[in-house]
Structures are given as structure tokens and as C-alpha cells.
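**Student:** Contents of my_file04.txt (compact mmCIF, C-alpha atoms) are below:
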```
# COMPACT_ATOMS: atom_id res chain seq x y z
CA MET A 955 136.95 -5.50 63.18
CA LYS A 956 138.30 -2.52 61.29
CA HIS A 957 136.83 0.31 63.37
CA ALA A 958 138.75 2.05 66.17
CA MET A 959 137.25 4.66 68.49
CA GLY A 960 139.87 7.09 69.70
CA ASP A 961 139.75 9.64 72.47
CA LEU A 962 142.32 12.13 73.67
CA GLU A 963 142.78 14.01 76.88
CA THR A 964 144.66 17.17 76.04
CA TRP A 965 146.23 20.38 77.35
CA GLY A 966 144.11 22.45 74.93
CA THR A 967 141.44 22.31 72.27
CA ALA A 968 143.27 23.78 69.27
CA PRO A 969 145.49 21.90 66.82
CA GLY A 970 149.01 22.02 68.23
CA SER A 971 147.86 21.41 71.80
CA ALA A 972 149.83 18.92 73.85
CA LEU A 973 148.24 15.54 74.53
CA ARG A 974 147.80 14.13 78.01
CA SER A 975 146.66 10.65 77.00
CA ILE A 976 145.50 8.56 74.05
CA GLY A 977 142.86 5.85 74.38
CA VAL A 978 141.62 3.67 71.53
CA VAL A 979 139.33 0.64 71.38
CA ILE A 980 138.62 -1.64 68.42
CA PHE A 981 134.88 -2.10 67.97
CA ASP A 982 132.18 -3.34 65.64
CA PRO A 983 129.60 -0.59 65.01
CA GLY A 984 127.01 -3.21 64.02
CA SER A 985 127.18 -5.10 67.33
CA THR A 986 128.11 -4.67 70.98
CA VAL A 987 131.53 -6.28 70.48
CA GLN A 988 134.63 -4.38 71.55
CA GLY A 989 138.13 -5.72 71.10
CA ALA A 990 141.73 -4.76 71.73
CA THR A 991 142.57 -1.51 73.50
CA PHE A 992 145.44 0.97 73.46
CA TYR A 993 146.26 3.50 76.18
CA ARG A 994 149.22 5.79 76.80
CA ASN A 995 149.84 8.75 79.07
CA ILE A 996 152.24 11.26 77.58
CA ASP A 997 154.77 13.47 79.33
CA PHE A 998 154.61 17.19 78.60
CA ALA A 999 158.35 17.90 78.32
CA SER A 1000 158.73 15.78 75.16
CA GLN A 1001 155.83 17.66 73.59
CA GLU A 1002 157.05 21.09 74.59
CA ALA A 1003 160.36 20.21 72.91
CA ILE A 1004 158.59 19.75 69.55
CA GLY A 1005 156.33 22.81 69.88
CA LEU A 1006 153.09 21.39 71.29
CA VAL A 1007 151.61 23.73 73.89
CA LYS A 1008 149.39 24.02 76.98
CA ASP A 1009 146.39 26.34 77.05
CA PRO A 1010 146.18 28.01 80.51
CA ARG A 1011 142.35 27.80 80.41
CA THR A 1012 142.48 24.05 79.81
CA GLU A 1013 145.10 23.67 82.54
CA ALA A 1014 142.71 25.47 84.95
CA TRP A 1015 139.82 23.26 83.74
CA TRP A 1016 141.86 20.12 84.52
CA ALA A 1017 142.38 21.36 88.08
CA GLU A 1018 138.59 21.19 88.52
CA GLN A 1019 138.19 17.60 87.27
CA THR A 1020 137.86 14.53 89.47
CA ILE A 1021 140.91 13.35 91.34
CA GLU A 1022 140.53 9.92 89.65
CA ALA A 1023 140.80 11.48 86.19
CA GLN A 1024 143.77 13.64 87.21
CA LEU A 1025 145.69 10.83 88.94
CA ALA A 1026 145.25 8.42 86.03
CA LEU A 1027 147.07 10.89 83.77
CA SER A 1028 150.21 10.98 85.90
CA GLU A 1029 150.92 7.23 85.75
CA GLN A 1030 153.52 5.72 83.41
CA GLN A 1031 153.99 8.74 81.17
CA VAL A 1032 155.99 8.17 78.00
CA PRO A 1033 157.52 10.60 75.46
CA ILE A 1034 155.23 11.66 72.62
CA GLN A 1035 157.36 9.92 69.97
CA GLN A 1036 157.09 6.61 71.85
CA ALA A 1037 153.32 6.96 72.35
CA LEU A 1038 152.72 7.70 68.67
CA THR A 1039 155.06 4.92 67.50
CA ASP A 1040 153.32 2.48 69.85
CA LEU A 1041 149.93 3.60 68.51
CA ALA A 1042 151.02 3.13 64.88
CA ARG A 1043 152.35 -0.36 65.60
CA TRP A 1044 149.18 -1.29 67.50
CA TRP A 1045 147.02 0.10 64.66
CA VAL A 1046 148.78 -2.08 62.09
CA ALA A 1047 148.79 -5.16 64.36
CA GLU A 1048 145.04 -4.81 64.87
CA SER A 1049 144.39 -4.23 61.14
CA ALA A 1050 142.43 -1.12 62.04
CA GLU A 1051 141.15 0.95 59.16
CA TYR A 1052 138.64 3.56 60.36
CA LEU A 1053 139.49 6.08 63.08
CA TRP A 1054 136.47 7.44 64.92
CA GLY A 1055 136.68 10.57 67.04
CA HIS A 1056 134.08 12.34 69.12
CA GLY A 1057 134.24 15.19 66.66
CA ALA A 1058 136.07 14.62 63.40
CA ASN A 1059 137.69 18.03 63.84
CA PHE A 1060 139.13 17.30 67.28
CA ASP A 1061 140.79 13.97 68.17
CA PRO A 1062 141.96 13.04 64.64
CA VAL A 1063 143.19 16.58 63.94
CA LEU A 1064 145.15 16.90 67.19
CA LEU A 1065 146.67 13.45 66.60
CA ASP A 1066 147.61 14.42 63.05
CA VAL A 1067 149.40 17.58 64.22
CA ALA A 1068 151.18 15.62 66.97
CA TYR A 1069 152.41 13.06 64.41
CA GLN A 1070 153.60 15.84 62.08
CA LYS A 1071 155.52 17.59 64.86
CA ALA A 1072 156.91 14.37 66.35
CA PHE A 1073 158.08 13.06 62.98
CA PRO A 1074 158.99 16.08 60.83
CA GLY A 1075 159.82 15.26 57.25
CA VAL A 1076 157.87 12.00 57.27
CA ALA A 1077 155.15 12.12 54.63
CA ASN A 1078 151.76 11.03 56.05
CA PRO A 1079 153.03 9.84 59.44
CA THR A 1080 149.59 8.74 60.75
CA PRO A 1081 148.81 5.03 60.28
CA TRP A 1082 145.26 5.72 59.02
CA LYS A 1083 144.08 7.31 55.80
CA PHE A 1084 142.48 10.75 56.10
CA TRP A 1085 139.44 9.55 54.17
CA ASN A 1086 138.78 6.88 56.82
CA ILE A 1087 138.11 9.39 59.62
CA ARG A 1088 134.65 8.96 61.15
CA CYS A 1089 132.71 11.24 63.51
CA SER A 1090 130.79 9.75 66.42
CA ARG A 1091 129.04 13.07 67.16
CA THR A 1092 127.37 13.05 63.75
CA VAL A 1093 126.10 9.48 64.12
CA LEU A 1094 124.94 10.09 67.68
CA SER A 1095 123.17 13.30 66.71
CA LEU A 1096 121.29 11.52 63.91
CA ALA A 1097 120.25 8.78 66.33
CA ARG A 1098 119.53 11.23 69.18
CA ARG A 1099 121.92 9.44 71.51
CA LYS A 1100 124.79 10.37 73.83
CA PRO A 1101 127.60 8.29 75.33
CA ASP A 1102 126.80 6.78 78.72
CA ARG A 1103 129.83 7.79 80.76
CA SER A 1104 128.65 6.12 83.98
CA ILE A 1105 131.02 3.18 83.38
CA GLY A 1106 134.66 3.93 84.15
CA THR A 1107 136.16 7.36 84.76
CA HIS A 1108 134.97 10.31 82.72
CA HIS A 1109 137.98 12.08 81.14
CA ASN A 1110 139.98 8.88 81.07
CA ALA A 1111 140.73 8.57 77.35
CA LEU A 1112 140.22 4.81 77.17
CA ASP A 1113 137.03 4.81 79.26
CA ASP A 1114 135.64 7.64 77.12
CA ALA A 1115 136.59 5.83 73.88
CA LYS A 1116 134.76 2.71 75.09
CA ALA A 1117 131.67 4.76 76.03
CA GLN A 1118 131.67 6.46 72.63
CA ALA A 1119 132.05 3.11 70.85
CA ARG A 1120 129.12 1.65 72.83
CA ALA A 1121 126.99 4.67 71.90
CA VAL A 1122 127.88 4.46 68.19
CA SER A 1123 127.10 0.74 68.19
CA ALA A 1124 123.72 1.42 69.83
CA ALA A 1125 123.02 4.16 67.30
CA PHE A 1126 123.84 1.79 64.42
CA ARG A 1127 121.49 -0.86 65.80
CA TYR A 1128 118.77 1.71 66.52
CA GLY A 1129 119.06 3.51 63.19
CA ARG A 1130 119.70 0.37 61.18
CA PHE A 1131 122.83 1.94 59.70
CA THR A 1132 125.25 -0.42 57.98
CA PRO A 1133 128.93 0.01 58.82
CA GLU A 1134 131.51 -0.28 56.05
```
Would you write the structure of this file as C-alpha cells?
**Tutor:**
Amino acid sequence: MKHAMGDLETWGTAPGSALRSIGVVIFDPGSTVQGATFYRNIDFASQEAIGLVKDPRTEAWWAEQTIEAQLALSEQQVPIQQALTDLARWWVAESAEYLWGHGANFDPVLLDVAYQKAFPGVANPTPWKFWNIRCSRTVLSLARRKPDRSIGTHHNALDDAKAQARAVSAAFRYGRFTPE
């Protein structure tokens, strides 16, 4: 399987926002099969040191989310450089090729900026090619579907990535799309 659905929990919605967690699942858009997963919580101090920021409105929004979602983010936090290095190694080990985000202009873009800031001077630090970015919102809109977030914890990056992957797979089966 070459497709990976990614989801971020963040401290803001603009490029340059700090990341709270990264969740990714390998999946086959043409079936219900999901494979290997990746999950990391990220400490804020390491991100602040490289210029990633918190948006006070997003910080206030997080205070209103479920306690389960908030608590999950505080466990086993790692520095941003470690999280991104771990993700790149996992990506290569899984032979992933396509990065899906729930909005091509959100998750992939925030990850790209984080890689650039974490590894300045490294040309193309992300492990995926920019032309292999895919948007789950577009596919789901065409198929008139939404992710079912009743499984797991909403706003847990890995649980949300799995829900989005299930929805894309259902949309592919429903719409008879053919994945690359």
C-alpha cells in the first residue's frame, strides 16, 4: 500500500503553527484495508525554539475540547526534530508514496513548514513528493460523504487519520474511483 492518511492536531491553523501531534495510517483507497500507523505527540518548547507559534484562539478552542483529546496530547511528548525524523524513517520503511490530508492546504502545508523550520538548509526535507499530495475533502465532497468519527477519540490525530482513510476508501468504492 502506497497511500498514507495524515492528520495533525495543532496550536493554530496557519502555516508556521506549532504541531501538537502527528497521526498517519497506511491504507488502500480501493478496499477497507488499513496498515501500519505512526503517532507522535510533540512538545511546544522545541517548536517555539525554531519559530513555530501558538494561536491564542486555537489555544482557547483546545480548552473546550474533550478531556480525552486533551490528555492524549500530553503523553510522551518528543521534540519536533525527533518527531519529524521518526516520521521520515517510518515513511521510507513503509514505502509510502501518497500523503493524504483532510484539506490539501492544511496538514501537508503545516508539516512542510515544520520540516523547513526544523531542518533549515536541507533541500526538500519532507519524505514525500509535493506532487503526491492528495486531498480527502475533495474526494469526500464528490462522493457526498464525511468521516465517521464515532470510533476512537475525535481530535486524536491517529484516530482522525483512520476515520478519514475509512471515509476515502468508502468513497472510492461508492464512486468507483480507481486509486493510483
**Student:** Around (129.6, 2.0, 73.3) in the file's own coordinates, what residues are found within 9 Å if you use only C-alpha atoms, given back as a PyMOL selection string?
**Tutor:** chain A and resi 981+983+986-988+1101-1102+1115-1124
**Student:** If you count only C-alpha atoms, which residues fall within 9 Å of segment 970-980 of chain A, apart from same-chain ones fewer than 6 positions away, as number ranges by chain?
**Tutor:** A: 955-964, 987-998, 1001-1002, 1005-1009, 1027-1028, 1031, 1034, 1037, 1041, 1048, 1050, 1064-1065, 1067-1068, 1071, 1110-1116, 1119
**Student:** Go through A:Phe1126, A:Trp1016, A:Phe1073, A:Trp1082 one by one, measure the shortest atom-to-atom distance of each to Ala1097 of chain A using only C-alpha atoms, and give the residue with the smallest value.
**Tutor:**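 Distance minimum relative to Ala1097 of chain A lands on A:Phe1126.
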**Student:** Please, what distance in Å, to one decimal, runs between atom CA of Tyr1069 of chain A and atom CA of Thr1039 of chain A?
**Tutor:**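 Between these atoms lies a distance of 9.1 Å.
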**Student:** Mind pulling up the distance from atom CA of Trp1045 of chain A to atom CA of Pro1074 of chain A?
**Tutor:**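 Those two atoms sit 20.3 Å apart.
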**Student:** Please compute the atom CA of Gln1035 of chain A-atom CA of Arg1091 of chain A distance, one decimal, in Å.
**Tutor:** 28.6 Å
**Student:** So which one's closest to His1056 of chain A, A:Arg1011, A:Lys1083, A:Arg1088, A:Arg1099? Using only C-alpha atoms, please.
**Tutor:**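 Distance minimum relative to His1056 of chain A lands on A:Arg1088.
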**Student:** From the list A:Cys1089, A:Ala968, A:Thr1107, A:Tyr1128, which residue is nearest Gln1024 of chain A when using all atoms listed in the file?
**Tutor:**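 Distance minimum relative to Gln1024 of chain A lands on A:Thr1107.
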**Student:** Give me, as an MDAnalysis selection string, all polymer residues having an atom no more than 12 Å from Phe1084 of chain A, counting only C-alpha atoms and skipping those fewer than 5 positions away in the same chain.
**Tutor:** chainID A and resid 1051:1054 1058:1059 1062:1063 1065:1066 1078:1079
**Student:** Starting from the sparse input, extend segment 999-1010 of chain A to all heavy atoms and give the output as a PDB file, keeping the file's coordinate frame.
**Tutor:**
```pdb
ATOM      1  N   ALA A 999     157.049  17.375  78.747  1.00  0.00           N
ATOM      2  CA  ALA A 999     158.350  17.900  78.320  1.00  0.00           C
ATOM      3  C   ALA A 999     158.697  17.492  76.895  1.00  0.00           C
ATOM      4  O   ALA A 999     159.202  18.311  76.118  1.00  0.00           O
ATOM      5  CB  ALA A 999     159.445  17.442  79.293  1.00  0.00           C
ATOM      6  N   SER A1000     158.413  16.238  76.525  1.00  0.00           N
ATOM      7  CA  SER A1000     158.730  15.780  75.160  1.00  0.00           C
ATOM      8  C   SER A1000     157.886  16.514  74.119  1.00  0.00           C
ATOM      9  O   SER A1000     158.308  16.675  72.973  1.00  0.00           O
ATOM     10  CB  SER A1000     158.533  14.275  75.035  1.00  0.00           C
ATOM     11  OG  SER A1000     157.159  13.922  75.153  1.00  0.00           O
ATOM     12  N   GLN A1001     156.715  16.955  74.515  1.00  0.00           N
ATOM     13  CA  GLN A1001     155.830  17.660  73.590  1.00  0.00           C
ATOM     14  C   GLN A1001     156.215  19.137  73.472  1.00  0.00           C
ATOM     15  O   GLN A1001     156.191  19.713  72.381  1.00  0.00           O
ATOM     16  CB  GLN A1001     154.383  17.524  74.052  1.00  0.00           C
ATOM     17  CG  GLN A1001     153.950  16.061  74.051  1.00  0.00           C
ATOM     18  CD  GLN A1001     152.534  15.915  74.484  1.00  0.00           C
ATOM     19  OE1 GLN A1001     151.628  16.087  73.664  1.00  0.00           O
ATOM     20  NE2 GLN A1001     152.314  15.615  75.761  1.00  0.00           N
ATOM     21  N   GLU A1002     156.593  19.704  74.597  1.00  0.00           N
ATOM     22  CA  GLU A1002     157.050  21.090  74.590  1.00  0.00           C
ATOM     23  C   GLU A1002     158.288  21.223  73.690  1.00  0.00           C
ATOM     24  O   GLU A1002     158.425  22.201  72.947  1.00  0.00           O
ATOM     25  CB  GLU A1002     157.366  21.532  76.017  1.00  0.00           C
ATOM     26  CG  GLU A1002     157.715  22.991  76.155  1.00  0.00           C
ATOM     27  CD  GLU A1002     157.912  23.387  77.614  1.00  0.00           C
ATOM     28  OE1 GLU A1002     158.497  22.593  78.385  1.00  0.00           O
ATOM     29  OE2 GLU A1002     157.476  24.492  77.961  1.00  0.00           O
ATOM     30  N   ALA A1003     159.136  20.199  73.709  1.00  0.00           N
ATOM     31  CA  ALA A1003     160.360  20.210  72.910  1.00  0.00           C
ATOM     32  C   ALA A1003     160.090  20.232  71.403  1.00  0.00           C
ATOM     33  O   ALA A1003     160.926  20.697  70.631  1.00  0.00           O
ATOM     34  CB  ALA A1003     161.231  19.002  73.259  1.00  0.00           C
ATOM     35  N   ILE A1004     158.922  19.762  70.983  1.00  0.00           N
ATOM     36  CA  ILE A1004     158.590  19.750  69.550  1.00  0.00           C
ATOM     37  C   ILE A1004     157.550  20.817  69.190  1.00  0.00           C
ATOM     38  O   ILE A1004     157.044  20.849  68.072  1.00  0.00           O
ATOM     39  CB  ILE A1004     158.141  18.359  69.069  1.00  0.00           C
ATOM     40  CG1 ILE A1004     156.867  17.899  69.786  1.00  0.00           C
ATOM     41  CG2 ILE A1004     159.275  17.355  69.218  1.00  0.00           C
ATOM     42  CD1 ILE A1004     156.239  16.643  69.206  1.00  0.00           C
ATOM     43  N   GLY A1005     157.208  21.680  70.170  1.00  0.00           N
ATOM     44  CA  GLY A1005     156.330  22.810  69.880  1.00  0.00           C
ATOM     45  C   GLY A1005     154.861  22.617  70.188  1.00  0.00           C
ATOM     46  O   GLY A1005     154.041  23.475  69.844  1.00  0.00           O
ATOM     47  N   LEU A1006     154.479  21.526  70.847  1.00  0.00           N
ATOM     48  CA  LEU A1006     153.090  21.390  71.290  1.00  0.00           C
ATOM     49  C   LEU A1006     152.930  22.174  72.590  1.00  0.00           C
ATOM     50  O   LEU A1006     153.864  22.266  73.383  1.00  0.00           O
ATOM     51  CB  LEU A1006     152.727  19.912  71.474  1.00  0.00           C
ATOM     52  CG  LEU A1006     152.790  19.064  70.191  1.00  0.00           C
ATOM     53  CD1 LEU A1006     152.555  17.595  70.499  1.00  0.00           C
ATOM     54  CD2 LEU A1006     151.808  19.562  69.143  1.00  0.00           C
ATOM     55  N   VAL A1007     151.764  22.749  72.810  1.00  0.00           N
ATOM     56  CA  VAL A1007     151.610  23.730  73.890  1.00  0.00           C
ATOM     57  C   VAL A1007     150.451  23.401  74.834  1.00  0.00           C
ATOM     58  O   VAL A1007     149.567  22.616  74.516  1.00  0.00           O
ATOM     59  CB  VAL A1007     151.384  25.144  73.297  1.00  0.00           C
ATOM     60  CG1 VAL A1007     152.580  25.579  72.462  1.00  0.00           C
ATOM     61  CG2 VAL A1007     150.108  25.192  72.468  1.00  0.00           C
ATOM     62  N   LYS A1008     150.482  24.061  75.993  1.00  0.00           N
ATOM     63  CA  LYS A1008     149.390  24.020  76.980  1.00  0.00           C
ATOM     64  C   LYS A1008     148.592  25.305  76.856  1.00  0.00           C
ATOM     65  O   LYS A1008     149.151  26.390  76.706  1.00  0.00           O
ATOM     66  CB  LYS A1008     149.939  23.980  78.410  1.00  0.00           C
ATOM     67  CG  LYS A1008     150.422  22.654  78.882  1.00  0.00           C
ATOM     68  CD  LYS A1008     150.812  22.745  80.360  1.00  0.00           C
ATOM     69  CE  LYS A1008     151.430  21.460  80.846  1.00  0.00           C
ATOM     70  NZ  LYS A1008     151.830  21.543  82.260  1.00  0.00           N
ATOM     71  N   ASP A1009     147.293  25.184  76.977  1.00  0.00           N
ATOM     72  CA  ASP A1009     146.390  26.340  77.050  1.00  0.00           C
ATOM     73  C   ASP A1009     146.109  26.571  78.536  1.00  0.00           C
ATOM     74  O   ASP A1009     145.609  25.656  79.215  1.00  0.00           O
ATOM     75  CB  ASP A1009     145.105  26.037  76.292  1.00  0.00           C
ATOM     76  CG  ASP A1009     144.061  27.135  76.402  1.00  0.00           C
ATOM     77  OD1 ASP A1009     144.264  28.121  77.136  1.00  0.00           O
ATOM     78  OD2 ASP A1009     143.018  27.002  75.753  1.00  0.00           O
ATOM     79  N   PRO A1010     146.402  27.759  79.080  1.00  0.00           N
ATOM     80  CA  PRO A1010     146.180  28.010  80.510  1.00  0.00           C
ATOM     81  C   PRO A1010     144.723  27.778  80.938  1.00  0.00           C
ATOM     82  O   PRO A1010     144.476  27.335  82.057  1.00  0.00           O
ATOM     83  CB  PRO A1010     146.573  29.473  80.683  1.00  0.00           C
ATOM     84  CG  PRO A1010     147.476  29.776  79.538  1.00  0.00           C
ATOM     85  CD  PRO A1010     147.030  28.894  78.407  1.00  0.00           C
TER      86      PRO A1010
END
```
